[in-house]
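Below: one structure, written as structure tokens.
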Amino acid sequence: MRHRIAVVGGGPAGLTFARVLHRHGYPAAVLERDPAPDARPPGGTLDLHEGLGQRALAKAGLLTEFQALSRPEGQAMRILDADGTVLRDWRPRPDEQANPEIDRGQLRDLLLGPLDVQWGRGVTQVVPGTSDGVLVQFADGRQETFDLVVGADGAWSRIRPAVSPVTPHYTGVTSVETSFDDVDTRHPDLARLIGDGSMAVYGVNRGLVAQRNSGGHVKVYAQFRAPLDWHTSLAPADPEAVRSSLLDLFDGWAAPVLDLLRYGRAFIPRPLYVLPVSHTWTHVVGVTLLGDAAHLMPPLGAGANLAMLDGAELAESIASDPADLDQAVRAFEEQMWARAGRWAKITTAGLERLVSPDPAEALALFDQVQPS
């Protein structure tokens with residue numbers, strides 16, 4: 001039995017869903033608003049957990065290919081004091097595969113494989129319950145109907161309003177992203193400071209995190225508690241103004257740590273939003289959600305992993321019971337809600353401890369995750 005299935009969003013959730021369905025012989029239309037795979041920077045590196053993201057890749061038959069691309073050495077983590085003192089220096093065992101890193105662009109290309117993504121197809125709204133199924137309205141004015149529309153379109157999902165009135169709310173924490181290239185050649189002192197994976201420094205209600213990507217590229221995230229409009233007085237096109245404001249915010253920290261900001265290029269403010277910890281909805285025939293569209297939570301390493309496992313499990317549920325599409329979706333939603341609720345509690349509490357009045361809370365949290 002062939003159902004007309006569409007997934008809105010070509011990120012990790014949507015592509016994993018489509019790829020696992022494809023493996024089981026079922027097609028899905030992937031609708032992505034970006035005009036091409038490389039239309040915008042793909043973002044930083046991801047650590048894929050054995051029981052989450054790697055499990056999803058195994059369901060897609062891609063685990064071996066992932067292992068060839070991933071960087072197990074990227075699991076290394078260093079914690080520094082604001083004066084530059086190394087407090088913790090975790091290094092993975094040679095055979096450690098619990099959370100290897102992979103660049104988002106590499107993961108995207110791995111998942112794309114044989115999929116036929118419809119690029120440049122922005123969705124503005126879906127209307128369930130029509131006589132011919134779920135009506136999808138596109139930004140260019142066209143319309144199309146499907147038996148199932150899966151919203152994998154992120155924090156500000158255009159599909160979510162069809163099942164839930166809830167919208168994301170600000171956590172009180174803003175993250176400003178910057179980056180620089182060729183760290184080993186151009187900034188060898190910083191390369192040694194960061195190590196093979198990530199490095200974090202925590203102070204009172206603020207922190208700096210540096211994360212190696214492949215090819216000598218480094219992402220830096222300045223995190224701090226601030227009003228939602230913190231960045232509105234700064235001109236994003238003027239990186240020097242943002243840099244100066246951040247250096248003032250982290251005044252007194254060790255010079256090598258502040259070099260993470262001094263060498264940064266463009267600065268991108270990202271206020272951190274979340275959905276309620278236990279976000280569920282009354283089931284709507286023909287529409288469901290995955291990943292951030294369903295359970296947006298603080299970015300503490302779980303989001304993409306959960307999104308990918310969501311996609312893989314929904315695809316398997318459909319493939320295992322193709323005659324009853326609605327029951328397959330219902331069964332998936334119950335399973336997703338329970339898991340997402342547990343992780344939302346963990347990550348919400350984690351953000352409170354990482355960006356807190358007591359920097360010792362951040363160190364204690366890392367000790368729980370990676371005992372020294």
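FYI, nothing fancy with the structure tokens labels: chains A, B, ... in order, residues from 1 per chain, ligands from 1 as they appear.
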
What are the nearest atom pairs, with distances in Å to one decimal, for all residues of region 35-126 of chain A that come at most 12 Å from region 178-192 of chain A, using only C-alpha atoms, set out by chain and rising residue number as a Markdown table?
```
| residue | atom | partner | partner_atom | distance |
| --- | --- | --- | --- | --- |
| A:Pro41 | CA | A:Ser179 | CA | 11.8 |
| A:Gly43 | CA | A:Ser179 | CA | 10.5 |
| A:Gly44 | CA | A:Ser179 | CA | 9.6 |
| A:Arg78 | CA | A:Arg192 | CA | 10.9 |
| A:Gly84 | CA | A:Leu190 | CA | 11.6 |
| A:Val86 | CA | A:Arg192 | CA | 11.9 |
```

Can those selected residues be exported to a file as a short mmCIF file (atom, residue, chain, number, x, y, z; two decimals), in the first residue's frame so that it contains N, CA and C atoms?
```cif
data_model
loop_
_atom_site.label_atom_id
_atom_site.label_comp_id
_atom_site.auth_asym_id
_atom_site.auth_seq_id
_atom_site.Cartn_x
_atom_site.Cartn_y
_atom_site.Cartn_z
N PRO A 41 25.41 28.18 5.69
CA PRO A 41 26.35 27.37 6.47
C PRO A 41 25.60 26.30 7.26
N GLY A 43 26.26 24.82 10.06
CA GLY A 43 26.34 24.85 11.52
C GLY A 43 27.50 24.02 12.03
N GLY A 44 27.58 23.89 13.34
CA GLY A 44 28.73 23.26 13.98
C GLY A 44 28.69 21.75 13.96
N ARG A 78 37.75 19.76 27.63
CA ARG A 78 38.56 20.45 28.64
C ARG A 78 37.70 21.52 29.30
N GLY A 84 42.30 30.77 33.15
CA GLY A 84 43.03 29.92 32.22
C GLY A 84 43.53 28.62 32.81
N VAL A 86 43.56 24.89 33.84
CA VAL A 86 42.84 23.70 33.38
C VAL A 86 42.32 22.94 34.59
#
```

Run DSSP on the backbone and tell me which residues of region 193-360 of chain A come out as strand (DSSP E); list them as a PyMOL selection string.
chain A and resi 198-203+206-212+218-225+268-274+287-289

Please identify the alpha helix (DSSP H) residues within region 20-263 of chain A (assignment by DSSP from backbone atoms) and present them as a PyMOL selection string.
chain A and resi 20-23+53-59+63-69+104-112+183-186+188-194+239-249+255-262

All residues 7 Å or closer to Phe224 (chain A), only C-alpha atoms, same chain fewer than 3 positions away omitted, as an mmCIF file with C-alpha atoms, in the first residue's frame:
```
data_model
loop_
_atom_site.group_PDB
_atom_site.id
_atom_site.type_symbol
_atom_site.label_atom_id
_atom_site.label_comp_id
_atom_site.auth_asym_id
_atom_site.auth_seq_id
_atom_site.Cartn_x
_atom_site.Cartn_y
_atom_site.Cartn_z
ATOM 1 C CA VAL A 173 20.114 32.765 28.034
ATOM 2 C CA THR A 174 21.585 34.138 24.814
ATOM 3 C CA SER A 175 24.363 32.487 22.822
ATOM 4 C CA ASN A 205 26.057 33.616 34.659
ATOM 5 C CA ARG A 206 28.249 33.254 31.578
ATOM 6 C CA GLY A 207 30.470 30.856 29.693
ATOM 7 C CA VAL A 355 24.912 29.307 33.059
#
```

Return as a tab-separated table the residues of region 85-129 of chain A lying at most 10 Å from region 279-302 of chain A, together with the closest atom-to-atom pair for each and the distance in Å to one decimal, counting only C-alpha atoms, with rows in chain order and ascending residue number.
```
residue	atom	partner	partner_atom	distance
A:Asn99	CA	A:Gly301	CA	9.6
A:Val126	CA	A:Val287	CA	8.6
A:Val127	CA	A:Val287	CA	9.1
A:Pro128	CA	A:Gly286	CA	6.5
A:Gly129	CA	A:Val285	CA	7.4
```

Once you have the residues from the selection above, write them out as a compact mmCIF listing (two decimals), in the first residue's frame, restricted to N, CA and C atoms.
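Once written, part_0.txt looks like this:
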```
# COMPACT_ATOMS: atom_id res chain seq x y z
N ASN A 99 30.27 8.95 21.76
CA ASN A 99 29.74 10.21 21.22
C ASN A 99 30.68 10.82 20.19
N VAL A 126 -0.30 24.06 6.75
CA VAL A 126 -0.96 22.80 6.40
C VAL A 126 -2.36 22.82 6.99
N VAL A 127 -3.29 22.23 6.26
CA VAL A 127 -4.69 22.18 6.69
C VAL A 127 -5.13 20.72 6.70
N PRO A 128 -5.24 20.12 7.89
CA PRO A 128 -5.68 18.72 7.94
C PRO A 128 -7.19 18.60 7.76
N GLY A 129 -7.63 17.38 7.47
CA GLY A 129 -9.07 17.10 7.46
C GLY A 129 -9.81 17.49 6.21
```

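With distances restricted to only C-alpha atoms, A:Arg33 is the closest residue to Gly10 (chain A) from A:Arg104, A:Arg142, A:Arg33, A:Arg353.
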
Nearby residues (only C-alpha atoms) at most 12 Å from Ala364 (chain A), same-chain spacing under 4 positions excluded, as JSON, numbers by chain
{"A": [79, 87, 88, 202, 350, 353, 354, 358, 359, 360, 368, 369, 370, 371, 372]}

Residues from last step as file, all heavy atoms, as a short mmCIF file (atom, residue, chain, number, x, y, z; two decimals), in the first residue's frame:
```cif
data_model
loop_
_atom_site.label_atom_id
_atom_site.label_comp_id
_atom_site.auth_asym_id
_atom_site.auth_seq_id
_atom_site.Cartn_x
_atom_site.Cartn_y
_atom_site.Cartn_z
N ILE A 79 37.84 21.65 30.61
CA ILE A 79 37.18 22.72 31.37
C ILE A 79 38.27 23.59 31.98
O ILE A 79 39.18 23.08 32.65
CB ILE A 79 36.29 22.16 32.50
CG1 ILE A 79 35.31 21.10 31.94
CG2 ILE A 79 35.53 23.30 33.17
CD1 ILE A 79 34.26 21.65 31.02
N LEU A 87 41.00 22.82 34.67
CA LEU A 87 40.36 22.14 35.79
C LEU A 87 40.08 20.67 35.48
O LEU A 87 40.16 19.82 36.37
CB LEU A 87 39.04 22.83 36.15
CG LEU A 87 39.14 24.31 36.52
CD1 LEU A 87 37.75 24.90 36.74
CD2 LEU A 87 40.00 24.50 37.77
N ARG A 88 39.72 20.38 34.24
CA ARG A 88 39.44 19.01 33.81
C ARG A 88 39.97 18.84 32.38
O ARG A 88 39.90 19.76 31.57
CB ARG A 88 37.95 18.69 33.82
CG ARG A 88 37.28 18.78 35.18
CD ARG A 88 37.71 17.64 36.11
NE ARG A 88 36.95 17.66 37.35
CZ ARG A 88 37.26 18.37 38.42
NH1 ARG A 88 38.35 19.16 38.40
NH2 ARG A 88 36.53 18.32 39.52
N TYR A 202 33.68 28.63 32.41
CA TYR A 202 32.44 29.11 33.01
C TYR A 202 32.73 30.12 34.10
O TYR A 202 33.65 29.96 34.91
CB TYR A 202 31.63 27.93 33.58
CG TYR A 202 31.13 27.02 32.48
CD1 TYR A 202 31.79 25.83 32.19
CD2 TYR A 202 30.03 27.38 31.71
CE1 TYR A 202 31.35 25.01 31.17
CE2 TYR A 202 29.59 26.57 30.69
CZ TYR A 202 30.25 25.39 30.41
OH TYR A 202 29.81 24.59 29.38
N GLY A 350 20.19 21.18 33.05
CA GLY A 350 21.58 21.36 32.67
C GLY A 350 21.92 22.80 32.32
O GLY A 350 22.96 23.32 32.73
N ARG A 353 22.37 24.94 35.30
CA ARG A 353 23.63 24.73 36.02
C ARG A 353 24.83 25.25 35.24
O ARG A 353 25.82 25.68 35.84
CB ARG A 353 23.80 23.24 36.32
CG ARG A 353 22.73 22.69 37.25
CD ARG A 353 22.94 21.22 37.51
NE ARG A 353 24.13 20.97 38.35
CZ ARG A 353 24.54 19.76 38.70
NH1 ARG A 353 23.89 18.68 38.26
NH2 ARG A 353 25.61 19.61 39.46
N LEU A 354 24.76 25.19 33.91
CA LEU A 354 25.90 25.64 33.11
C LEU A 354 26.02 27.16 33.09
O LEU A 354 27.13 27.70 33.07
CB LEU A 354 25.77 25.12 31.68
CG LEU A 354 26.00 23.63 31.47
CD1 LEU A 354 25.82 23.28 30.00
CD2 LEU A 354 27.38 23.20 31.95
N ASP A 358 26.80 30.29 40.14
CA ASP A 358 27.89 29.54 40.75
C ASP A 358 28.59 28.68 39.69
O ASP A 358 28.08 27.63 39.31
CB ASP A 358 27.35 28.64 41.87
CG ASP A 358 28.45 27.88 42.59
OD1 ASP A 358 29.63 28.11 42.27
OD2 ASP A 358 28.13 27.07 43.48
N PRO A 359 29.77 29.10 39.21
CA PRO A 359 30.46 28.33 38.18
C PRO A 359 30.79 26.90 38.59
O PRO A 359 30.95 26.03 37.73
CB PRO A 359 31.75 29.14 37.94
CG PRO A 359 31.44 30.52 38.42
CD PRO A 359 30.48 30.34 39.55
N ALA A 360 30.85 26.64 39.89
CA ALA A 360 31.13 25.28 40.35
C ALA A 360 30.02 24.31 39.95
O ALA A 360 30.26 23.10 39.82
CB ALA A 360 31.31 25.26 41.87
N GLN A 368 29.55 14.67 36.61
CA GLN A 368 28.51 13.64 36.61
C GLN A 368 28.46 12.91 35.27
O GLN A 368 28.24 11.70 35.21
CB GLN A 368 27.15 14.26 36.91
CG GLN A 368 26.99 14.76 38.32
CD GLN A 368 25.66 15.45 38.53
OE1 GLN A 368 24.78 15.41 37.68
NE2 GLN A 368 25.50 16.09 39.69
N VAL A 369 28.69 13.66 34.19
CA VAL A 369 28.61 13.07 32.85
C VAL A 369 29.90 12.33 32.50
O VAL A 369 29.86 11.24 31.90
CB VAL A 369 28.32 14.17 31.81
CG1 VAL A 369 28.30 13.58 30.41
CG2 VAL A 369 26.99 14.85 32.12
N GLN A 370 31.02 12.93 32.84
CA GLN A 370 32.33 12.34 32.52
C GLN A 370 33.18 12.33 33.78
O GLN A 370 34.03 13.21 33.98
CB GLN A 370 33.03 13.15 31.44
CG GLN A 370 32.35 13.06 30.08
CD GLN A 370 33.07 13.92 29.05
OE1 GLN A 370 33.01 15.12 29.10
NE2 GLN A 370 33.75 13.25 28.13
N PRO A 371 32.98 11.35 34.64
CA PRO A 371 33.75 11.32 35.90
C PRO A 371 35.25 11.32 35.63
O PRO A 371 35.73 10.63 34.73
CB PRO A 371 33.32 10.00 36.55
CG PRO A 371 31.99 9.68 35.92
CD PRO A 371 32.07 10.22 34.53
N SER A 372 35.98 12.11 36.40
CA SER A 372 37.42 12.20 36.19
C SER A 372 38.14 11.06 36.91
O SER A 372 37.55 10.35 37.68
CB SER A 372 37.93 13.55 36.71
OG SER A 372 37.53 13.74 38.05
#
```

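Shortest separation to Ala255 (chain A) among A:Gln223, A:Leu48, A:Gln143, A:Thr85 occurs at residue A:Thr85, atoms counted being only C-alpha atoms.
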
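Proximity ranking of A:Ala315, A:Val150, A:Leu111, A:Ala162 relative to Ala328 (chain A) places A:Ala315 first, based on only C-alpha atoms.
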
Shortest contact to Val123 (chain A), candidates A:Leu365, A:Leu31, A:Leu351, A:Ala338, atoms counted only C-alpha atoms, goes to A:Leu31
